[in-house]
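Participant: For reference, the file input-v3.cif (mmCIF, C-alpha atoms and all ligand atoms) is included below:
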```
data_start
#
loop_
_atom_site.group_PDB
_atom_site.id
_atom_site.type_symbol
_atom_site.label_atom_id
_atom_site.label_comp_id
_atom_site.auth_asym_id
_atom_site.auth_seq_id
_atom_site.Cartn_x
_atom_site.Cartn_y
_atom_site.Cartn_z
ATOM 1 C CA MET S 1 -33.034 162.300 32.323
ATOM 2 C CA ASN S 2 -35.232 165.331 32.131
ATOM 3 C CA ASP S 3 -33.581 168.220 33.921
ATOM 4 C CA ALA S 4 -36.661 170.390 34.066
ATOM 5 C CA ILE S 5 -38.419 170.312 37.381
ATOM 6 C CA GLN S 6 -42.111 170.252 36.738
ATOM 7 C CA VAL S 7 -44.155 171.648 39.548
ATOM 8 C CA PRO S 8 -47.822 170.783 39.324
ATOM 9 C CA LEU S 9 -49.602 173.945 40.128
ATOM 10 C CA SER S 10 -53.212 174.803 40.250
ATOM 11 C CA LEU S 11 -54.656 177.699 42.120
ATOM 12 C CA PRO S 12 -58.352 177.619 42.920
ATOM 13 C CA LEU S 13 -60.911 179.801 41.176
ATOM 14 C CA ASP S 14 -64.221 180.771 42.714
ATOM 15 C CA ALA S 15 -67.562 179.601 41.305
ATOM 16 C CA ASP S 16 -67.525 182.379 38.681
ATOM 17 C CA GLY S 17 -63.992 181.611 37.499
ATOM 18 C CA PHE S 18 -62.228 184.450 39.317
ATOM 19 C CA ILE S 19 -58.825 184.187 40.984
ATOM 20 C CA ARG S 20 -57.842 186.155 44.096
ATOM 21 C CA ARG S 21 -55.091 188.740 43.674
ATOM 22 C CA GLU S 22 -53.299 191.157 45.958
ATOM 23 C CA CYS S 23 -52.127 194.559 44.817
ATOM 24 C CA PRO S 24 -48.380 195.029 45.480
ATOM 25 C CA THR S 25 -48.990 198.777 45.905
ATOM 26 C CA CYS S 26 -52.025 199.134 48.188
ATOM 27 C CA GLU S 27 -51.885 195.510 49.465
ATOM 28 C CA ARG S 28 -55.645 195.114 49.158
ATOM 29 C CA GLU S 29 -57.247 192.034 47.694
ATOM 30 C CA PHE S 30 -59.517 191.776 44.668
ATOM 31 C CA LYS S 31 -60.071 189.145 41.987
ATOM 32 C CA TRP S 32 -59.726 189.060 38.252
ATOM 33 C CA PHE S 33 -61.317 186.751 35.759
ATOM 34 C CA SER S 34 -59.106 183.818 34.873
ATOM 35 C CA HIS S 35 -59.415 183.241 31.117
ATOM 36 C CA GLN S 36 -58.934 179.756 29.725
ATOM 37 C CA GLU S 37 -55.713 179.308 27.797
ATOM 38 C CA GLY S 38 -56.255 180.492 24.220
ATOM 39 C CA ASP S 39 -59.434 182.426 25.060
ATOM 40 C CA PRO S 40 -59.751 185.069 22.308
ATOM 41 C CA ASP S 41 -61.366 187.400 24.895
ATOM 42 C CA ALA S 42 -58.219 187.430 27.008
ATOM 43 C CA GLN S 43 -56.448 190.738 26.796
ATOM 44 C CA ILE S 44 -52.698 190.425 26.184
ATOM 45 C CA VAL S 45 -51.102 193.044 28.396
ATOM 46 C CA GLU S 46 -47.710 193.712 29.937
ATOM 47 C CA GLN S 47 -49.110 195.147 33.111
ATOM 48 C CA TYR S 48 -52.383 195.358 35.000
ATOM 49 C CA PHE S 49 -53.913 198.286 36.827
ATOM 50 C CA CYS S 50 -55.112 197.697 40.365
ATOM 51 C CA PRO S 51 -58.929 198.111 40.365
ATOM 52 C CA LEU S 52 -58.726 199.614 43.867
ATOM 53 C CA CYS S 53 -55.837 202.107 43.766
ATOM 54 C CA GLY S 54 -55.236 202.343 40.006
ATOM 55 C CA VAL S 55 -51.473 201.752 40.184
ATOM 56 C CA ALA S 56 -50.075 199.432 37.476
ATOM 57 C CA SER S 57 -47.735 196.490 38.081
ATOM 58 C CA GLY S 58 -46.267 193.645 36.007
ATOM 59 C CA THR S 59 -48.572 190.700 35.284
ATOM 60 C CA ASP S 60 -46.865 188.345 37.752
ATOM 61 C CA SER S 61 -46.703 190.637 40.766
ATOM 62 C CA TRP S 62 -50.220 190.030 42.059
ATOM 63 C CA TRP S 63 -49.855 186.841 44.145
ATOM 64 C CA THR S 64 -51.496 186.824 47.553
ATOM 65 C CA PRO S 65 -49.287 185.739 50.490
ATOM 66 C CA ALA S 66 -51.379 182.542 50.759
ATOM 67 C CA GLN S 67 -50.757 181.710 47.097
ATOM 68 C CA LEU S 68 -47.005 182.288 47.435
ATOM 69 C CA GLU S 69 -46.901 180.116 50.511
ATOM 70 C CA TYR S 70 -48.895 177.446 48.718
ATOM 71 C CA MET S 71 -46.630 177.469 45.658
ATOM 72 C CA HIS S 72 -43.576 177.276 47.871
ATOM 73 C CA GLY S 73 -45.105 174.329 49.706
ATOM 74 C CA VAL S 74 -45.997 172.495 46.488
ATOM 75 C CA SER S 75 -42.628 172.992 44.822
ATOM 76 C CA GLY S 76 -40.647 172.021 47.940
ATOM 77 C CA PRO S 77 -41.398 168.255 47.937
ATOM 78 C CA THR S 78 -40.957 168.075 44.142
ATOM 79 C CA ILE S 79 -37.461 169.542 44.312
ATOM 80 C CA ASP S 80 -36.764 167.311 47.286
ATOM 81 C CA ARG S 81 -37.611 164.178 45.302
ATOM 82 C CA TYR S 82 -35.559 165.422 42.364
ATOM 83 C CA VAL S 83 -32.488 165.873 44.544
ATOM 84 C CA GLN S 84 -32.920 162.439 46.088
ATOM 85 C CA ASP S 85 -33.214 160.731 42.703
ATOM 86 C CA SER S 86 -30.042 162.483 41.562
ATOM 87 C CA ILE S 87 -28.161 161.219 44.612
ATOM 88 C CA GLU S 88 -29.327 157.657 44.002
ATOM 89 C CA GLU S 89 -28.325 157.957 40.368
ATOM 90 C CA ALA S 90 -24.877 159.205 41.324
ATOM 91 C CA PHE S 91 -24.179 156.286 43.680
ATOM 92 C CA LYS S 92 -25.614 153.585 41.444
ATOM 93 C CA GLY S 93 -22.897 151.105 40.429
ATOM 94 C CA VAL S 94 -20.231 152.565 42.665
ATOM 95 C CA LYS S 95 -18.323 149.542 43.970
ATOM 96 C CA GLY S 96 -18.585 148.948 47.670
ATOM 97 C CA MET S 97 -21.071 151.755 48.053
ATOM 98 C CA THR S 98 -24.584 150.976 49.008
ATOM 99 C CA CYS S 99 -26.978 153.784 48.776
ATOM 100 C CA LYS S 100 -29.747 153.479 51.248
ATOM 101 C CA PRO S 101 -32.201 156.110 50.213
ATOM 102 C CA ASN S 102 -33.847 157.755 53.109
ATOM 103 C CA ARG S 103 -37.281 158.619 51.866
ATOM 104 C CA SER S 104 -38.160 160.512 54.988
ATOM 105 C CA PHE S 105 -35.422 163.018 54.281
ATOM 106 C CA SER S 106 -36.869 166.385 53.438
ATOM 107 C CA PHE S 107 -36.169 170.077 53.663
ATOM 108 C CA GLY S 108 -38.902 170.298 56.234
ATOM 109 C CA ILE S 109 -41.565 171.450 53.838
ATOM 110 C CA GLU S 110 -44.886 169.676 53.994
ATOM 111 C CA THR S 111 -47.238 169.461 51.057
ATOM 112 C CA PRO S 112 -49.848 172.074 51.897
ATOM 113 C CA ASP S 113 -53.588 171.615 51.848
ATOM 114 C CA ALA S 114 -55.213 172.843 48.679
ATOM 115 C CA LEU S 115 -56.244 176.477 48.756
ATOM 116 C CA VAL S 116 -59.932 177.244 48.844
ATOM 117 C CA GLU S 117 -61.397 180.248 47.055
ATOM 118 C CA PRO S 118 -64.543 181.593 48.763
ATOM 119 C CA ASP S 119 -67.302 183.164 46.655
ATOM 120 C CA ASP S 120 -66.971 186.631 48.136
ATOM 121 C CA MET S 121 -66.812 190.124 46.593
ATOM 122 C CA MET S 122 -68.937 191.547 43.779
ATOM 123 C CA ILE S 123 -68.363 191.569 40.039
ATOM 124 C CA ALA S 124 -67.462 194.906 38.424
ATOM 125 C CA GLU S 125 -67.387 195.093 34.650
ATOM 126 C CA PRO S 126 -65.444 198.047 33.211
ATOM 127 C CA PRO S 127 -67.436 199.578 30.292
ATOM 128 C CA CYS S 128 -64.176 200.158 28.391
ATOM 129 C CA HIS S 129 -63.041 196.515 28.684
ATOM 130 C CA PRO S 130 -66.100 194.377 29.585
ATOM 131 C CA ASN S 131 -64.144 191.239 28.635
ATOM 132 C CA GLU S 132 -61.909 191.762 31.685
ATOM 133 C CA PRO S 133 -64.266 191.904 34.684
ATOM 134 C CA VAL S 134 -62.931 192.071 38.239
ATOM 135 C CA LYS S 135 -64.353 191.358 41.686
ATOM 136 C CA VAL S 136 -63.921 194.002 44.349
ATOM 137 C CA PRO S 137 -64.951 194.278 48.026
ATOM 138 C CA ASP S 138 -68.702 194.901 48.451
ATOM 139 C CA GLU S 139 -68.336 198.482 49.746
ATOM 140 C CA THR S 140 -66.393 199.644 46.649
ATOM 141 C CA THR S 141 -68.199 202.358 44.636
ATOM 142 C CA LYS S 142 -65.697 203.000 41.859
ATOM 143 C CA ALA S 143 -62.929 200.926 40.377
ATOM 144 C CA HIS S 144 -60.146 201.115 37.824
ATOM 145 C CA CYS S 145 -60.097 199.026 34.665
ATOM 146 C CA LEU S 146 -57.521 196.238 34.901
ATOM 147 C CA VAL S 147 -56.386 196.796 31.338
ATOM 148 C CA CYS S 148 -56.363 200.576 30.766
ATOM 149 C CA GLY S 149 -56.692 201.959 34.298
ATOM 150 C CA SER S 150 -59.668 204.243 33.599
ATOM 151 C CA THR S 151 -62.074 204.823 36.466
ATOM 152 C CA PHE S 152 -65.676 203.627 36.359
ATOM 153 C CA ALA S 153 -68.566 203.682 38.818
ATOM 154 C CA ILE S 154 -69.964 200.401 40.100
HETATM 155 ZN ZN ZN V 201 -53.845 198.712 44.633
HETATM 156 ZN ZN ZN V 202 -60.386 199.603 30.136
#
```
Let's see the structure in the file written out as structure tokens.
Ligand SMILES: [Zn+2]
Ligand SMILES: [Zn+2]
Facilitator:
Amino acid sequence: MNDAIQVPLSLPLDADGFIRRECPTCEREFKWFSHQEGDPDAQIVEQYFCPLCGVASGTDSWWTPAQLEYMHGVSGPTIDRYVQDSIEEAFKGVKGMTCKPNRSFSFGIETPDALVEPDDMMIAEPPCHPNEPVKVPDETTKAHCLVCGSTFAI
């Protein structure tokens, strides 16, 4: 039996391949370009700078509340099923014990509807790192580079 719980996870990208992010510092939303796995253009970094406030945070601290809620909702039923299978396995072959699996049992988490990523915001390409474009709210006039944090005008 495979002990690893695999949670199928896919977050939506907009038409240009950008994913929505929320800055943990200023709590404003922007998007960054989601590189394909193995893309030689993808910058390997340990932290990103917020394009809006310029404060850096670790690479996995940029989830929007909707994305966190979605991931929680997707992983819930998977863990649920895993627990149920383990219970069935444990009772299998126990004399005089009949396990009647109750498939409606759940932790009360419903599988959520897929997230939708609207095609909003405008693309800003930092001159220092043009391979890491971002999308920022339309009224933004200057932004910080995701990779090095330097300011540039849009
Ligand atoms: Zn910020
Ligand atoms: Zn840069």
Participant: Go through S:Cys53, S:Val74, S:Ala114, S:Leu68 and flag the residue nearest Lys142 of chain S, using only C-alpha atoms for the distances.
Facilitator: S:Cys53
Participant: Could you tell me which residues the PyMOL selection byres (((not hetatm)) within 10 of (chain V and resi 201)) returns for this structure, as a list in words?
Facilitator: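 On the file shown, the PyMOL selection byres (((not hetatm)) within 10 of (chain V and resi 201)) covers Glu22, Cys23, Pro24, Thr25, Cys26, Glu27, Arg28, Glu29, Phe30, Phe49, Cys50, Pro51, Leu52, Cys53, Gly54, Val55, Ala56, Ser57, Trp62 and His144 of chain S.
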Participant: Between S:Val83, S:Val116, S:Ile44, S:Met71, which residue has the minimum interatomic distance to Ile19 of chain S, considering all atoms listed in the file?
Facilitator: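 Of S:Val83, S:Val116, S:Ile44, S:Met71, the one nearest Ile19 of chain S, counting all atoms listed in the file, is S:Val116.
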Participant: Kindly provide, as a ChimeraX atom specification, all nucleotide and amino acid residues lying within 8 Å of ligand ZN 202 (chain V), counting all atoms listed in the file.
Facilitator: /S:126-130,144-150
Participant: When you draw a straight line from atom CA of Tyr48 of chain S to atom CA of Pro133 of chain S, how long is it in Å?
Facilitator: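 That distance, rounded to one decimal, is 12.4 Å.
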